[in-house]
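Right, one structure below, let's go through it.
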Amino acid sequence: MTTYIIRRILLLIPTLFGITLLTFLLIRLAPGNAALLKGGMGESGGRAMTAEVRAQTIKLYELDKPWYQAYATWVGRTLRLDLGESFVDHRPVAEKIRERLPLTLSLAGSALALSYLLAIPLGIIAALRRGRLVDRSISFAVFVLYSIPSFAAALFLIFYVASGDYLNLLPMYGANSIEAPEMRLLPWCWDRIAHMILPVTCLTYASLASISRYSRVSMLEALGQDFVRTARAKGLSNRLVVFRHALRNALIPIITIFALELPGIIAGAVIIESIFSLPGMGQLMFNSLDTKDTPVIMGITFVAAIVTLLSYLAADILYVVVDPRITFE
Amino acid sequence: MNELDESHQIYRESYSARIWHHFRRDPFARNGLRVVVVLFIIAALAPFLANSHALIRVDGGHTTFPVFASMEPIEWRFLLYVPLGLLIYAFRRPFFARTGIHLLLLLGVVGLTEVDLQLAHRINDPSNDRDRPAGFKLMAPIPYSPIESTPDQFSPPSRQHLCGTDETGRDIAARMLHGTRTSLSIGFIAQSIALLVGVTLGGLAGYYKGWLDIAIFRFIETVDCFPTLLLILAVIGLFPSQNNMFYIMAVIGLTSWTGLARLVRGEFLRLGAHSFPQAARALGASDYRIVVRHLLPNALGPILVSSTFGVASAILIESSLSFLGFGIQAPTPSWGDILNDAHRYIDFAWWLALFPATAILVTLMAYNFVGEGLRDAVDPRLKVK
């Protein structure tokens, strides 16, 4: 087991190299660079840079070196756990990401947790009532939900629940009210939760649909197994059969699909953050793409890749933990 | 005809005929396919459904067809789909008998009509036939062009503007009808590109195995670790392009092939273990022949299923991008772009959100239902009844 995990972690390294190299090349190949952008419309208020300053800036940003050298420098720095400084405001990239990451993670995390909490019971009910009206209506509703783009749903939720024309229950945008910094802990938490309800709802339902479909299929498969028939034959109550015998086996594949859901949820979070003006990673990404802020883009890609790869790894390890029949020896 | 002959008849049904047979029995799938066909008809006929120019105009004994004069080359290509669709329908039996080659041919033809023509959108000339007097004129059901501004700004749905107008007075109904073209062609072409890349790379990996497989699979994993939308945003954000319809198709296609590549690789690995490719090789068939004639047709079912869902997801990605302002740029009509307007004027202009959102929902549902139906038809074991 330990050797398996170590081998898997070692296998992550080439993938990480691939991802960062791909991103780096993309930024390098793109027309325009941070120094030129800064010269045109940078902090100095739109004044054109003198040639001297531009040369200095290019040197400072290592834009004069060939890409492989610049990439090697980046790798070297990253190995020393230093993600560099932003080209735009010269703050450490790690700090900028640290400010933004919690919001995005809490958004994605709560959406994922919520969709699991809702999807598994839905899937079980549908599987137990297979073919009946309940099953068919759940399947259909889930299908409709799956086909609504999350940004369209966000628009309608804002329109009906938050805009004030119909209901004015929840705030329309932002992660906190303007008064938030003066609030005490409890009202602050409440304020944050109120701001998060709509974004989390929008993020939840798409993955809710796919997870509940998975859990229905997986439950049906478990219910069709021989050991379920044996359990029924020896006279166990229906409840015991369903929850202790079928459900436990059905959960194994469901638990592990969270890794597959994660990239989708992260991408969804970017859209949702932009609709609700949440200061998360998505917004940071948009801003840094605009300014070709290489260190920040590289940092975000690196962190996102690590999160995704680790969740794939966690899914594979969980597979062994929850199902003792599987071993990697 | 005796009983033996009849059973023989059943077994002579081709693979695709059997899939079609299963597919037709699913009401959701059937109706989903109908909706998709209707959408393609709307896309093909959009200039005749919404146009500020009259279809027929008779003035002083002079009969003209202003609608044809107003059409751009890009708009003609959709009309090609009508005879193409009719031809396929008329010759569906011989067509589907050798599905593999024919599907590729079809993709090629459609791809050429889409790519070869200039994808620029000229702003329509201000002349229109609504107010011009004539002895007789037949206007389109919606007498507005998709990029034509009228003086009524933000008018809610009314008799004159069925779906209302936006900030510059453009008729939403006309934009919706013409936006069907954008969505459908982007979905189709992006998925064709993904199909080409995915089948090629997945096929190479699954057929030749060894180090090529290892290298390609690493590459697939690497691309997979980017959330697709982020990667697309990065590419479009870093490489802005003015004339961007084909560009967006290409970017979506080139970033969403990994699922297909995995699928094809898996299928080829599975099929390669059978004895029929070996038999073909023993008979002296080339690698190309084994792949195209023996392996690909056997993997076609799952590929088709995955492609159908792929079209739906490409349409979703396009509308998300346009919604975020990175996709199709105004004035080219796109459902996502109307929703972008809706976001800005969310506090009163509900009609800007309702109609395009419904259109996207219906299109995605139709494609997803077709995909589900195909999946059940391709592999009845998976059917969860």
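By convention here, the chains of the structure tokens are called A, B, ... in the order presented, each chain's residues are numbered starting at 1, and ligands are numbered starting at 1 in the order presented.
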Exercise for the section: Using only C-alpha atoms, find the residues of chain B whose closest atom to chain A is at most 6 Å away, then write them as a ChimeraX atom specification. Expected result: /B:222,227,229,237-239,347,357,361,364-365
Practice task
Looking only at helix (DSSP H, G or I) from DSSP on the backbone, list the matching residues of stretch 83-274 of chain A as a PyMOL selection string.
Solution key: chain A and resi 93-128+133-147+150-162+180-182+185-223+226-233+238-256+258-274
Exercise for the section: Find the residues around stretch 105-109 of chain A up to 8 Å (only C-alpha atoms counted), leave out those fewer than 6 positions away in its own chain, and share them as a PyMOL selection string. Expected result: chain A and resi 196+199-200+203+265-266+269
Problem - Shell of 12 Å around stretch 64-67 of chain B, only C-alpha atoms, local chain residues under 2 positions omitted, as a ChimeraX atom specification - result: /B:45-62,69-72,75-76,124,127-130,134-140,143-145
Residue subset to file, keeping N, CA and C atoms, as a JSON list (two decimals), in the first residue's frame:
[["chain", "number", "residue", "atom", "x", "y", "z"],
["B", 45, "LEU", "N", -33.27, 27.55, -42.13],
["B", 45, "LEU", "CA", -34.23, 28.49, -42.72],
["B", 45, "LEU", "C", -34.25, 29.84, -42.02],
["B", 46, "ALA", "N", -33.31, 30.08, -41.09],
["B", 46, "ALA", "CA", -33.37, 31.30, -40.29],
["B", 46, "ALA", "C", -33.58, 32.58, -41.11],
["B", 47, "PRO", "N", -32.89, 32.78, -42.25],
["B", 47, "PRO", "CA", -33.11, 34.03, -43.00],
["B", 47, "PRO", "C", -34.52, 34.17, -43.53],
["B", 48, "PHE", "N", -35.23, 33.05, -43.68],
["B", 48, "PHE", "CA", -36.60, 33.13, -44.17],
["B", 48, "PHE", "C", -37.59, 33.29, -43.03],
["B", 49, "LEU", "N", -37.12, 33.05, -41.80],
["B", 49, "LEU", "CA", -38.02, 33.17, -40.65],
["B", 49, "LEU", "C", -37.89, 34.54, -40.02],
["B", 50, "ALA", "N", -36.72, 35.12, -40.07],
["B", 50, "ALA", "CA", -36.52, 36.43, -39.46],
["B", 50, "ALA", "C", -35.64, 37.26, -40.37],
["B", 51, "ASN", "N", -36.22, 38.21, -41.03],
["B", 51, "ASN", "CA", -35.46, 39.04, -41.95],
["B", 51, "ASN", "C", -36.18, 40.35, -42.17],
["B", 52, "SER", "N", -35.39, 41.41, -42.23],
["B", 52, "SER", "CA", -36.02, 42.70, -42.46],
["B", 52, "SER", "C", -36.35, 42.90, -43.94],
["B", 53, "HIS", "N", -35.81, 42.02, -44.77],
["B", 53, "HIS", "CA", -36.08, 42.12, -46.20],
["B", 53, "HIS", "C", -37.25, 41.21, -46.55],
["B", 54, "ALA", "N", -38.04, 41.66, -47.51],
["B", 54, "ALA", "CA", -39.23, 40.89, -47.88],
["B", 54, "ALA", "C", -38.81, 39.62, -48.59],
["B", 55, "LEU", "N", -39.61, 38.58, -48.43],
["B", 55, "LEU", "CA", -39.34, 37.34, -49.15],
["B", 55, "LEU", "C", -39.65, 37.53, -50.64],
["B", 56, "ILE", "N", -40.84, 38.11, -50.88],
["B", 56, "ILE", "CA", -41.23, 38.41, -52.26],
["B", 56, "ILE", "C", -41.73, 39.84, -52.27],
["B", 57, "ARG", "N", -41.36, 40.58, -53.28],
["B", 57, "ARG", "CA", -41.79, 41.96, -53.34],
["B", 57, "ARG", "C", -42.23, 42.24, -54.77],
["B", 58, "VAL", "N", -43.49, 42.67, -54.92],
["B", 58, "VAL", "CA", -44.00, 43.00, -56.25],
["B", 58, "VAL", "C", -44.28, 44.48, -56.29],
["B", 59, "ASP", "N", -43.59, 45.19, -57.15],
["B", 59, "ASP", "CA", -43.81, 46.63, -57.22],
["B", 59, "ASP", "C", -43.79, 47.05, -58.68],
["B", 60, "GLY", "N", -44.92, 47.56, -59.14],
["B", 60, "GLY", "CA", -45.01, 48.02, -60.53],
["B", 60, "GLY", "C", -44.74, 46.91, -61.52],
["B", 61, "GLY", "N", -45.29, 45.73, -61.26],
["B", 61, "GLY", "CA", -45.12, 44.62, -62.17],
["B", 61, "GLY", "C", -43.74, 44.00, -62.11],
["B", 62, "HIS", "N", -42.94, 44.45, -61.16],
["B", 62, "HIS", "CA", -41.57, 43.98, -61.02],
["B", 62, "HIS", "C", -41.51, 43.05, -59.82],
["B", 69, "ALA", "N", -31.02, 38.56, -52.07],
["B", 69, "ALA", "CA", -29.99, 39.57, -52.29],
["B", 69, "ALA", "C", -29.31, 39.93, -50.97],
["B", 70, "SER", "N", -30.08, 39.85, -49.86],
["B", 70, "SER", "CA", -29.52, 40.28, -48.58],
["B", 70, "SER", "C", -28.67, 39.20, -47.93],
["B", 71, "MET", "N", -28.73, 37.98, -48.47],
["B", 71, "MET", "CA", -28.03, 36.90, -47.78],
["B", 71, "MET", "C", -26.55, 36.89, -48.11],
["B", 72, "GLU", "N", -25.76, 36.58, -47.07],
["B", 72, "GLU", "CA", -24.32, 36.52, -47.27],
["B", 72, "GLU", "C", -23.92, 35.09, -47.57],
["B", 75, "GLU", "N", -24.45, 32.60, -44.99],
["B", 75, "GLU", "CA", -25.81, 32.17, -44.69],
["B", 75, "GLU", "C", -26.30, 31.11, -45.65],
["B", 76, "TRP", "N", -25.65, 31.02, -46.82],
["B", 76, "TRP", "CA", -26.08, 30.02, -47.79],
["B", 76, "TRP", "C", -25.72, 28.62, -47.35],
["B", 124, "ASN", "N", -25.83, 44.47, -41.31],
["B", 124, "ASN", "CA", -26.82, 44.62, -42.38],
["B", 124, "ASN", "C", -27.00, 46.08, -42.79],
["B", 127, "SER", "N", -31.38, 49.51, -44.96],
["B", 127, "SER", "CA", -32.62, 49.43, -45.73],
["B", 127, "SER", "C", -33.43, 48.25, -45.25],
["B", 128, "ASN", "N", -34.72, 48.43, -45.16],
["B", 128, "ASN", "CA", -35.58, 47.29, -44.87],
["B", 128, "ASN", "C", -36.89, 47.46, -45.61],
["B", 129, "ASP", "N", -37.58, 46.36, -45.76],
["B", 129, "ASP", "CA", -38.80, 46.39, -46.56],
["B", 129, "ASP", "C", -40.06, 46.54, -45.70],
["B", 130, "ARG", "N", -39.87, 46.73, -44.41],
["B", 130, "ARG", "CA", -41.05, 46.85, -43.56],
["B", 130, "ARG", "C", -41.86, 48.08, -43.94],
["B", 134, "ALA", "N", -45.09, 48.82, -51.34],
["B", 134, "ALA", "CA", -44.98, 47.98, -52.52],
["B", 134, "ALA", "C", -46.37, 47.48, -52.87],
["B", 135, "GLY", "N", -46.54, 47.10, -54.12],
["B", 135, "GLY", "CA", -47.84, 46.59, -54.54],
["B", 135, "GLY", "C", -48.22, 45.37, -53.73],
["B", 136, "PHE", "N", -47.25, 44.46, -53.60],
["B", 136, "PHE", "CA", -47.47, 43.28, -52.78],
["B", 136, "PHE", "C", -46.15, 42.90, -52.16],
["B", 137, "LYS", "N", -46.15, 42.60, -50.90],
["B", 137, "LYS", "CA", -44.91, 42.09, -50.34],
["B", 137, "LYS", "C", -45.22, 41.03, -49.30],
["B", 138, "LEU", "N", -44.35, 40.02, -49.28],
["B", 138, "LEU", "CA", -44.49, 38.95, -48.30],
["B", 138, "LEU", "C", -43.27, 39.03, -47.39],
["B", 139, "MET", "N", -43.53, 39.40, -46.13],
["B", 139, "MET", "CA", -42.41, 39.50, -45.20],
["B", 139, "MET", "C", -42.21, 38.16, -44.49],
["B", 140, "ALA", "N", -41.03, 37.98, -43.90],
["B", 140, "ALA", "CA", -40.79, 36.80, -43.06],
["B", 140, "ALA", "C", -41.68, 36.91, -41.82],
["B", 143, "PRO", "N", -40.31, 40.18, -39.00],
["B", 143, "PRO", "CA", -39.78, 41.08, -40.02],
["B", 143, "PRO", "C", -38.58, 41.89, -39.55],
["B", 144, "TYR", "N", -37.68, 41.28, -38.78],
["B", 144, "TYR", "CA", -36.49, 42.01, -38.32],
["B", 144, "TYR", "C", -35.26, 41.17, -38.58],
["B", 145, "SER", "N", -34.14, 41.83, -38.79],
["B", 145, "SER", "CA", -32.88, 41.10, -38.94],
["B", 145, "SER", "C", -32.19, 41.02, -37.59]]
List the spatial neighbours of B:Arg159 as a short mmCIF file (atom, residue, chain, number, x, y, z; two decimals) with C-alpha atoms, in the first residue's frame - criterion: any atom at most 12 Å away, only C-alpha atoms, same-chain residues fewer than 2 positions off excluded.
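This is the output file selection_13.cif:
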data_model
loop_
_atom_site.label_atom_id
_atom_site.label_comp_id
_atom_site.auth_asym_id
_atom_site.auth_seq_id
_atom_site.Cartn_x
_atom_site.Cartn_y
_atom_site.Cartn_z
CA PRO B 141 -42.82 35.83 -39.96
CA ILE B 142 -40.46 38.00 -37.91
CA PRO B 143 -39.78 41.08 -40.02
CA SER B 155 -39.42 46.91 -25.31
CA PRO B 156 -40.95 43.96 -23.46
CA PRO B 157 -42.46 41.13 -25.50
CA HIS B 161 -41.48 42.16 -30.98
CA LEU B 162 -42.43 38.65 -29.94
CA CYS B 163 -39.53 38.25 -27.53
CA GLY B 164 -38.84 41.92 -26.85
CA THR B 165 -35.79 43.97 -27.78
CA ASP B 171 -35.29 42.10 -31.98
CA ALA B 173 -36.80 36.74 -31.59
#
Problem - Neighbour list for B:Phe309 as an MDAnalysis selection string, cut-off 7 Å, only C-alpha atoms, skip fewer than 2 positions in-chain - result: chainID B and resid 305:307 311:313 367:368 371
Selected residues written out with C-alpha atoms, as a JSON list (two decimals), in the first residue's frame:
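Output below, filename selection-v1.json:
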[["chain", "number", "residue", "atom", "x", "y", "z"],
["B", 305, "VAL", "CA", -22.79, 8.05, -27.86],
["B", 306, "SER", "CA", -19.89, 10.01, -26.45],
["B", 307, "SER", "CA", -19.98, 12.41, -29.42],
["B", 311, "VAL", "CA", -22.06, 18.16, -28.89],
["B", 312, "ALA", "CA", -24.26, 19.08, -25.94],
["B", 313, "SER", "CA", -21.28, 20.02, -23.84],
["B", 367, "TYR", "CA", -29.07, 16.24, -27.35],
["B", 368, "ASN", "CA", -28.80, 14.58, -23.96],
["B", 371, "GLY", "CA", -27.32, 10.50, -26.24]]
Practice task
Would you mind reading off the distance between atom CA of B:Ser149 and atom CA of B:Ile42, one decimal, in Å?
Solution key: 22.3 Å
Practice task
For A:Leu81, please output as a PyMOL selection string all residues within 12 Å (counting only C-alpha atoms; exclusion window: fewer than 3 positions along the same chain).
Solution key: chain A and resi 74-78+84+92-94+299+302-303
Kindly save the residues from that selection, with C-alpha atoms included, as a JSON list (two decimals), in the first residue's frame.
[["chain", "number", "residue", "atom", "x", "y", "z"],
["A", 74, "TRP", "CA", 10.41, 29.16, -12.55],
["A", 75, "VAL", "CA", 10.80, 25.45, -11.73],
["A", 76, "GLY", "CA", 13.86, 26.16, -9.62],
["A", 77, "ARG", "CA", 12.03, 28.83, -7.63],
["A", 78, "THR", "CA", 8.94, 26.69, -7.23],
["A", 84, "GLY", "CA", 7.57, 34.52, -7.29],
["A", 92, "PRO", "CA", 4.18, 37.49, -3.56],
["A", 93, "VAL", "CA", 2.01, 35.18, -5.65],
["A", 94, "ALA", "CA", 1.62, 32.76, -2.76],
["A", 299, "GLY", "CA", 0.83, 29.89, -9.64],
["A", 302, "PHE", "CA", 0.10, 24.95, -10.35],
["A", 303, "VAL", "CA", -2.22, 25.07, -7.34]]
